[in-house]
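Colleague: The structure follows.
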Amino acid sequence: MSDPRVNLLDLSPDELKDFCVSIGEKPFRAQQFLKWIYQWGVTDFAQMTNIKKELRERLPSLAYIKAPDIIAEHKSADGTIKWALDIGDGQVVETVLIPEDDRSTLCISTQVGCPIKCSFCRTGASGFNRNLKVQEIIGQVFAAASRVGFCENREQKPISNVVMMGMGEPLLNVSNVLKVTEILLSDYAFGLSKRRVTISTSGIAPIIEKLAGKVDVALALSLHAPTDALRDELVPLNKKYKIAEVLTAVKHYLAASNANCGRVTIEYVLLDHVNDSTDDAHALAALLKDVPCKINLIPFNPHDGAPYQRPSNSRIDRFYKVLFNYGFTVITRTTRGDDIAAACGQLAGQVKNKIRAQNV
Ligand code: SAH
Ligand code: SF4
């Protein structure tokens with residue numbers, strides 16, 4: 001039988017307040033729980049010393065605090081760490097920490113597999129099972145912090161940035177993703193700046209429209225092609241939401257956002273002789289001329305069975321220079337963690353009983 005108690009990691013800050021009221025407590029208790037859990041990493045109610053004894057004793061019959069267990073850890077030569085987390089039924093999702101000089105970025109998963117099936121992505125090739133629950137998404141941050149440290153009262157947070165660029169399409173799991181975002185931003189919980197939380201999407205136009213003005217975090221759009229004909233091949237979702245419709249939605253989102261400083265991040269995987277010619281670069285520049293953006297070029301990370309190669313450095317440089325000469329801010333993303341299959345698009349996890357998503 002499933003546990004009738006509530007896992008507090010499943011609740012947004014507002015839902016945690018409702019939970020407090022439902023057990024006869026004042027809503028401010030929610031702030032105390034958030035701090036104990038997300039700033040100090042405490043999961044045992046008995047240790048929550050500013051909560052009255054009677055309540056501390058009653059809580060274990062009503063609730064518990066549990067993140068998915070880390071079942072494997074892989075460390076890359078470049079310092080990147082990949083953790084595999086057990087989410088039950090033999091399924092596994094992956095989360096990746098990328099340390100840099102001035103920050104540490106955690107790349108989290110939002111679905112078990114991904115139903116979008118971009119032709120170059122290993123997650124897409126691994127199939128799709130289900131959306132992750134709130135506790136399974138925020139649980140990745142919690143589990144990672146259990147290894148590298150919680151924020152406590154530290155000036156420099158051990159996890160300073162969170163990007164939803166792991167397994168899955170965040171906007172197909174939008175209600176849970178929004179709750180996770182609230183926990184990441186809450187000053188009582190992780191307290192991250194909204195510029196340091198990124199939702200990366202393959203472009204679910206109507207959901208981007210819906211989110212405009214409703215949530216304010218950094219947005220990254222996985223574009224990968226300058227034309228609908230090519231994007232139809234690489235990102236099958238493009239057959240449903242064309243580039244123009246997606247870019248219009250993105251502009252609406254930007255207009256209502258402070259977190260992006262007015263610019264969306266455009267992600268563009270470079271695939272050798274597929275989307276990396278100078279003609280493609282000129283076409284991309286023309287497409288984006290009215291879209292305030294910075295462009296992130298991601299040299300393809302190879303994986304078994306993918307029918308693509310990474311372009312040579314000279315092709316990557318040529319593509320970069322065309323965009324740069326138009327005046328775009330362009331970054332070529334350094335590959336991190338590829339020796340442990342933790343680089344962009346290399347996460348596979350364990351996806352069981354694959355199903356076709358109804359809503360894609
Ligand atoms: N589903 C979301 C977020 C996860 S994918 C999205 O598509 O945006 C995160 C990023 O990794 C995307 O920009 C995606 O295109 C990129 N990616 C996927 N497979 C890749 C590969 N094999 N090499 C390099 N980047 C890849
Ligand atoms: Fe899914 Fe993103 Fe991979 Fe496409 S790139 S299959 S949307 S995870």
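Ordering of the structure tokens sets the chain letters (A, B, ...), residue numbers begin anew at 1 in every chain, and ligands are numbered from 1 in the order given.
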Show which residues sit within 12 Å of Gly79 (chain A), as a list in words. Count only C-alpha atoms, and ignore same-chain residues fewer than 4 positions away.
Modeller: His74, Lys75, Val96, Leu97, Ile98, Pro99, Glu100, Asp101, Ser104, Thr105, Arg336, Gly337, Asp338, Asp339, Ile340 and Ala342 of chain A
Colleague: Any chance you could export the current selection's all heavy atoms as a tab-separated table (two decimals), in the first residue's frame?
Modeller:
chain	number	residue	atom	x	y	z
A	74	HIS	N	29.26	9.49	-10.93
A	74	HIS	CA	30.38	9.42	-11.88
A	74	HIS	C	31.06	10.78	-11.89
A	74	HIS	O	30.39	11.80	-12.05
A	74	HIS	CB	29.88	9.12	-13.30
A	74	HIS	CG	29.11	7.84	-13.38
A	74	HIS	ND1	29.71	6.62	-13.53
A	74	HIS	CD2	27.80	7.60	-13.31
A	74	HIS	CE1	28.80	5.68	-13.55
A	74	HIS	NE2	27.61	6.25	-13.42
A	75	LYS	N	32.38	10.77	-11.74
A	75	LYS	CA	33.12	12.05	-11.74
A	75	LYS	C	33.96	12.14	-13.00
A	75	LYS	O	34.73	11.23	-13.31
A	75	LYS	CB	34.02	12.12	-10.51
A	75	LYS	CG	33.25	12.47	-9.26
A	75	LYS	CD	34.17	12.92	-8.14
A	75	LYS	CE	33.30	13.43	-6.99
A	75	LYS	NZ	33.88	13.30	-5.68
A	96	VAL	N	23.26	16.48	-13.36
A	96	VAL	CA	24.69	16.75	-13.59
A	96	VAL	C	25.10	18.08	-12.96
A	96	VAL	O	24.44	19.09	-13.16
A	96	VAL	CB	24.97	16.82	-15.12
A	96	VAL	CG1	26.43	17.14	-15.41
A	96	VAL	CG2	24.59	15.51	-15.81
A	97	LEU	N	26.20	18.05	-12.20
A	97	LEU	CA	26.74	19.28	-11.62
A	97	LEU	C	27.98	19.71	-12.40
A	97	LEU	O	28.90	18.92	-12.60
A	97	LEU	CB	27.12	19.06	-10.15
A	97	LEU	CG	27.57	20.34	-9.45
A	97	LEU	CD1	26.38	21.25	-9.14
A	97	LEU	CD2	28.32	20.03	-8.16
A	98	ILE	N	27.96	20.97	-12.86
A	98	ILE	CA	29.07	21.48	-13.66
A	98	ILE	C	29.73	22.63	-12.90
A	98	ILE	O	29.22	23.75	-12.90
A	98	ILE	CB	28.55	21.98	-15.03
A	98	ILE	CG1	27.74	20.86	-15.71
A	98	ILE	CG2	29.70	22.42	-15.94
A	98	ILE	CD1	26.55	21.36	-16.49
A	99	PRO	N	30.84	22.34	-12.21
A	99	PRO	CA	31.51	23.41	-11.45
A	99	PRO	C	32.32	24.31	-12.38
A	99	PRO	O	32.97	23.82	-13.30
A	99	PRO	CB	32.44	22.65	-10.49
A	99	PRO	CG	32.20	21.19	-10.73
A	99	PRO	CD	31.52	21.05	-12.05
A	100	GLU	N	32.23	25.61	-12.14
A	100	GLU	CA	33.08	26.56	-12.88
A	100	GLU	C	33.74	27.46	-11.85
A	100	GLU	O	33.46	27.34	-10.67
A	100	GLU	CB	32.22	27.38	-13.85
A	100	GLU	CG	31.82	26.56	-15.08
A	100	GLU	CD	30.71	27.20	-15.87
A	100	GLU	OE1	29.54	26.99	-15.51
A	100	GLU	OE2	31.00	27.89	-16.83
A	101	ASP	N	34.60	28.37	-12.31
A	101	ASP	CA	35.34	29.19	-11.34
A	101	ASP	C	34.43	29.93	-10.39
A	101	ASP	O	34.61	29.91	-9.19
A	101	ASP	CB	36.22	30.21	-12.09
A	101	ASP	CG	37.36	29.51	-12.79
A	101	ASP	OD1	37.60	28.33	-12.46
A	101	ASP	OD2	37.97	30.12	-13.69
A	104	SER	N	28.46	27.14	-9.78
A	104	SER	CA	28.27	25.71	-9.98
A	104	SER	C	26.86	25.51	-10.49
A	104	SER	O	25.89	25.88	-9.82
A	104	SER	CB	28.42	24.99	-8.65
A	104	SER	OG	29.65	24.34	-8.59
A	105	THR	N	26.75	24.93	-11.67
A	105	THR	CA	25.44	24.80	-12.30
A	105	THR	C	24.96	23.35	-12.21
A	105	THR	O	25.69	22.44	-12.56
A	105	THR	CB	25.54	25.21	-13.79
A	105	THR	OG1	26.02	26.55	-13.84
A	105	THR	CG2	24.18	25.12	-14.48
A	336	ARG	N	31.47	19.68	-21.48
A	336	ARG	CA	31.87	19.25	-20.14
A	336	ARG	C	31.30	17.87	-19.87
A	336	ARG	O	30.17	17.57	-20.23
A	336	ARG	CB	31.31	20.23	-19.08
A	336	ARG	CG	31.79	21.66	-19.19
A	336	ARG	CD	33.22	21.83	-18.70
A	336	ARG	NE	33.44	21.37	-17.35
A	336	ARG	CZ	33.47	22.15	-16.28
A	336	ARG	NH1	33.28	23.45	-16.40
A	336	ARG	NH2	33.69	21.65	-15.09
A	337	GLY	N	32.09	17.04	-19.23
A	337	GLY	CA	31.59	15.75	-18.75
A	337	GLY	C	31.34	14.71	-19.82
A	337	GLY	O	30.65	13.73	-19.56
A	338	ASP	N	31.93	14.88	-21.02
A	338	ASP	CA	31.61	13.89	-22.06
A	338	ASP	C	32.27	12.53	-21.80
A	338	ASP	O	31.83	11.51	-22.30
A	338	ASP	CB	31.91	14.40	-23.47
A	338	ASP	CG	33.33	14.90	-23.65
A	338	ASP	OD1	34.00	15.16	-22.62
A	338	ASP	OD2	33.78	15.01	-24.79
A	339	ASP	N	33.34	12.53	-20.95
A	339	ASP	CA	33.98	11.24	-20.64
A	339	ASP	C	33.10	10.37	-19.74
A	339	ASP	O	33.33	9.18	-19.58
A	339	ASP	CB	35.36	11.46	-19.98
A	339	ASP	CG	35.31	12.37	-18.77
A	339	ASP	OD1	34.33	13.13	-18.63
A	339	ASP	OD2	36.23	12.33	-17.94
A	340	ILE	N	32.05	10.95	-19.13
A	340	ILE	CA	31.14	10.15	-18.30
A	340	ILE	C	29.71	10.22	-18.86
A	340	ILE	O	28.74	10.01	-18.14
A	340	ILE	CB	31.16	10.61	-16.82
A	340	ILE	CG1	30.88	12.12	-16.69
A	340	ILE	CG2	32.49	10.25	-16.15
A	340	ILE	CD1	30.52	12.57	-15.29
A	342	ALA	N	27.90	12.76	-19.64
A	342	ALA	CA	27.10	13.72	-18.88
A	342	ALA	C	26.94	15.02	-19.65
A	342	ALA	O	26.36	15.98	-19.16
A	342	ALA	CB	27.77	14.02	-17.54
Colleague: Can you list, as a PyMOL selection string, all residues belonging to region 128-245 of chain A that DSSP tags as strand (DSSP E)?
Modeller: chain A and resi 128-131+161-164+197-201+218-222
Colleague: Mind writing the picked residues with N, CA and C atoms as a PDB file, in the first residue's frame?
Modeller:
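So the final result, stored in again19.pdb, reads:
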ATOM      1  N   PHE A 128      10.102   7.460 -23.658  1.00  0.00           N
ATOM      2  CA  PHE A 128       9.462   8.303 -22.645  1.00  0.00           C
ATOM      3  C   PHE A 128       8.588   7.428 -21.769  1.00  0.00           C
ATOM      4  N   ASN A 129       8.591   7.695 -20.468  1.00  0.00           N
ATOM      5  CA  ASN A 129       7.672   6.965 -19.595  1.00  0.00           C
ATOM      6  C   ASN A 129       6.678   7.887 -18.916  1.00  0.00           C
ATOM      7  N   ARG A 130       7.167   8.902 -18.176  1.00  0.00           N
ATOM      8  CA  ARG A 130       6.213   9.761 -17.474  1.00  0.00           C
ATOM      9  C   ARG A 130       6.884  11.066 -17.060  1.00  0.00           C
ATOM     10  N   ASN A 131       6.039  11.997 -16.609  1.00  0.00           N
ATOM     11  CA  ASN A 131       6.554  13.224 -16.016  1.00  0.00           C
ATOM     12  C   ASN A 131       7.123  12.926 -14.638  1.00  0.00           C
ATOM     13  N   ASN A 161      23.412  27.880  -9.702  1.00  0.00           N
ATOM     14  CA  ASN A 161      22.551  27.973 -10.888  1.00  0.00           C
ATOM     15  C   ASN A 161      21.867  26.633 -11.111  1.00  0.00           C
ATOM     16  N   VAL A 162      20.624  26.694 -11.561  1.00  0.00           N
ATOM     17  CA  VAL A 162      19.928  25.452 -11.919  1.00  0.00           C
ATOM     18  C   VAL A 162      19.382  25.611 -13.334  1.00  0.00           C
ATOM     19  N   VAL A 163      19.708  24.664 -14.194  1.00  0.00           N
ATOM     20  CA  VAL A 163      19.178  24.698 -15.564  1.00  0.00           C
ATOM     21  C   VAL A 163      18.364  23.432 -15.819  1.00  0.00           C
ATOM     22  N   MET A 164      17.189  23.610 -16.417  1.00  0.00           N
ATOM     23  CA  MET A 164      16.368  22.432 -16.736  1.00  0.00           C
ATOM     24  C   MET A 164      16.746  21.994 -18.145  1.00  0.00           C
ATOM     25  N   VAL A 197      18.096  30.639 -12.774  1.00  0.00           N
ATOM     26  CA  VAL A 197      17.250  29.456 -12.975  1.00  0.00           C
ATOM     27  C   VAL A 197      16.800  29.503 -14.433  1.00  0.00           C
ATOM     28  N   THR A 198      17.098  28.456 -15.192  1.00  0.00           N
ATOM     29  CA  THR A 198      16.799  28.479 -16.628  1.00  0.00           C
ATOM     30  C   THR A 198      15.887  27.322 -17.016  1.00  0.00           C
ATOM     31  N   ILE A 199      14.827  27.674 -17.733  1.00  0.00           N
ATOM     32  CA  ILE A 199      13.994  26.646 -18.362  1.00  0.00           C
ATOM     33  C   ILE A 199      14.414  26.589 -19.825  1.00  0.00           C
ATOM     34  N   SER A 200      14.813  25.400 -20.266  1.00  0.00           N
ATOM     35  CA  SER A 200      15.193  25.222 -21.676  1.00  0.00           C
ATOM     36  C   SER A 200      14.085  24.442 -22.360  1.00  0.00           C
ATOM     37  N   THR A 201      13.620  24.943 -23.486  1.00  0.00           N
ATOM     38  CA  THR A 201      12.498  24.276 -24.158  1.00  0.00           C
ATOM     39  C   THR A 201      12.748  24.083 -25.644  1.00  0.00           C
ATOM     40  N   ALA A 218      14.993  32.653 -16.433  1.00  0.00           N
ATOM     41  CA  ALA A 218      15.661  32.714 -17.728  1.00  0.00           C
ATOM     42  C   ALA A 218      15.088  31.648 -18.663  1.00  0.00           C
ATOM     43  N   LEU A 219      14.965  32.022 -19.927  1.00  0.00           N
ATOM     44  CA  LEU A 219      14.393  31.104 -20.923  1.00  0.00           C
ATOM     45  C   LEU A 219      15.447  30.793 -21.983  1.00  0.00           C
ATOM     46  N   ALA A 220      15.575  29.520 -22.316  1.00  0.00           N
ATOM     47  CA  ALA A 220      16.450  29.116 -23.422  1.00  0.00           C
ATOM     48  C   ALA A 220      15.597  28.370 -24.436  1.00  0.00           C
ATOM     49  N   LEU A 221      15.771  28.718 -25.693  1.00  0.00           N
ATOM     50  CA  LEU A 221      15.019  28.052 -26.761  1.00  0.00           C
ATOM     51  C   LEU A 221      15.977  27.205 -27.591  1.00  0.00           C
ATOM     52  N   SER A 222      15.652  25.931 -27.705  1.00  0.00           N
ATOM     53  CA  SER A 222      16.474  25.022 -28.506  1.00  0.00           C
ATOM     54  C   SER A 222      16.024  25.121 -29.953  1.00  0.00           C
TER      55      SER A 222
END
Colleague: May I ask which of the residues A:Ala189, A:Leu85, A:Ala229, A:Leu9 is the closest one to Leu34 (chain A), counting only C-alpha atoms?
Modeller: A:Ala189
Colleague: Can you work out which residues are within 7 Å of ligand 1, considering only C-alpha atoms and all ligand atoms, and then hand them over as a PyMOL selection string?
Modeller: chain A and resi 120-122+164-170+200-202+220-222+267-269+298-303+344-346
Colleague: So that I have them on file, write out the residues from the current selection with C-alpha atoms, as a compact mmCIF listing (two decimals), in the first residue's frame.
Modeller:
# COMPACT_ATOMS: atom_id res chain seq x y z
CA PHE A 120 20.33 14.09 -32.33
CA CYS A 121 19.44 13.58 -28.65
CA ARG A 122 20.15 10.46 -26.65
CA MET A 164 16.37 22.43 -16.74
CA MET A 165 18.47 20.93 -19.51
CA GLY A 166 18.65 17.33 -18.37
CA MET A 167 16.27 14.59 -19.46
CA GLY A 168 12.88 15.71 -20.74
CA GLU A 169 10.94 18.70 -22.00
CA PRO A 170 10.15 20.95 -19.01
CA SER A 200 15.19 25.22 -21.68
CA THR A 201 12.50 24.28 -24.16
CA SER A 202 12.23 22.76 -27.59
CA ALA A 220 16.45 29.12 -23.42
CA LEU A 221 15.02 28.05 -26.76
CA SER A 222 16.47 25.02 -28.51
CA GLU A 267 20.60 27.02 -28.27
CA TYR A 268 21.93 25.65 -31.53
CA VAL A 269 23.46 22.18 -31.71
CA ILE A 298 26.64 23.51 -28.79
CA PRO A 299 29.00 21.27 -30.77
CA PHE A 300 27.22 17.92 -31.13
CA ASN A 301 28.04 15.41 -28.40
CA PRO A 302 28.22 11.99 -30.03
CA HIS A 303 26.44 8.95 -28.64
CA CYS A 344 24.30 17.97 -23.26
CA GLY A 345 22.11 15.38 -24.90
CA GLN A 346 24.02 12.37 -23.53
Colleague: Quick one: everything within 8 Å of Ser277 (chain A), counting only C-alpha atoms, minus sequence neighbours fewer than 3 positions away in the same chain. Send it as an MDAnalysis selection string.
Modeller: chainID A and resid 273:274 280:281 315 319
Colleague: Point out the residue among A:Ser126, A:Ser314, A:Asn7, A:Thr278 with the least atom-to-atom distance to ligand 2, counting only C-alpha atoms and all ligand atoms.
Modeller: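 The closest residue to ligand 2 is A:Ser126.
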Colleague: Go through A:Leu347, A:Asp290, A:Ile51, A:Val330 and flag the residue nearest Ile108 (chain A), using only C-alpha atoms for the distances.
Modeller: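 Distance minimum relative to Ile108 (chain A) lands on A:Leu347.
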Colleague: Just the number, please: distance in Å from CA of Tyr64 (chain A) to CA of Glu152 (chain A), one decimal.
Modeller: 21.0 Å
Colleague: Rounded to one decimal in Å, what is the spacing between CA of Ser109 (chain A) and CA of Thr227 (chain A)?
Modeller: 28.2 Å
Colleague: Select, from A:Thr181, A:Gln91, A:Asn173, A:Thr43, the residue with the minimum atom-to-atom distance to Ala67 (chain A), counting only C-alpha atoms.
Modeller: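 Under the stated criterion, the closest residue is A:Thr43.
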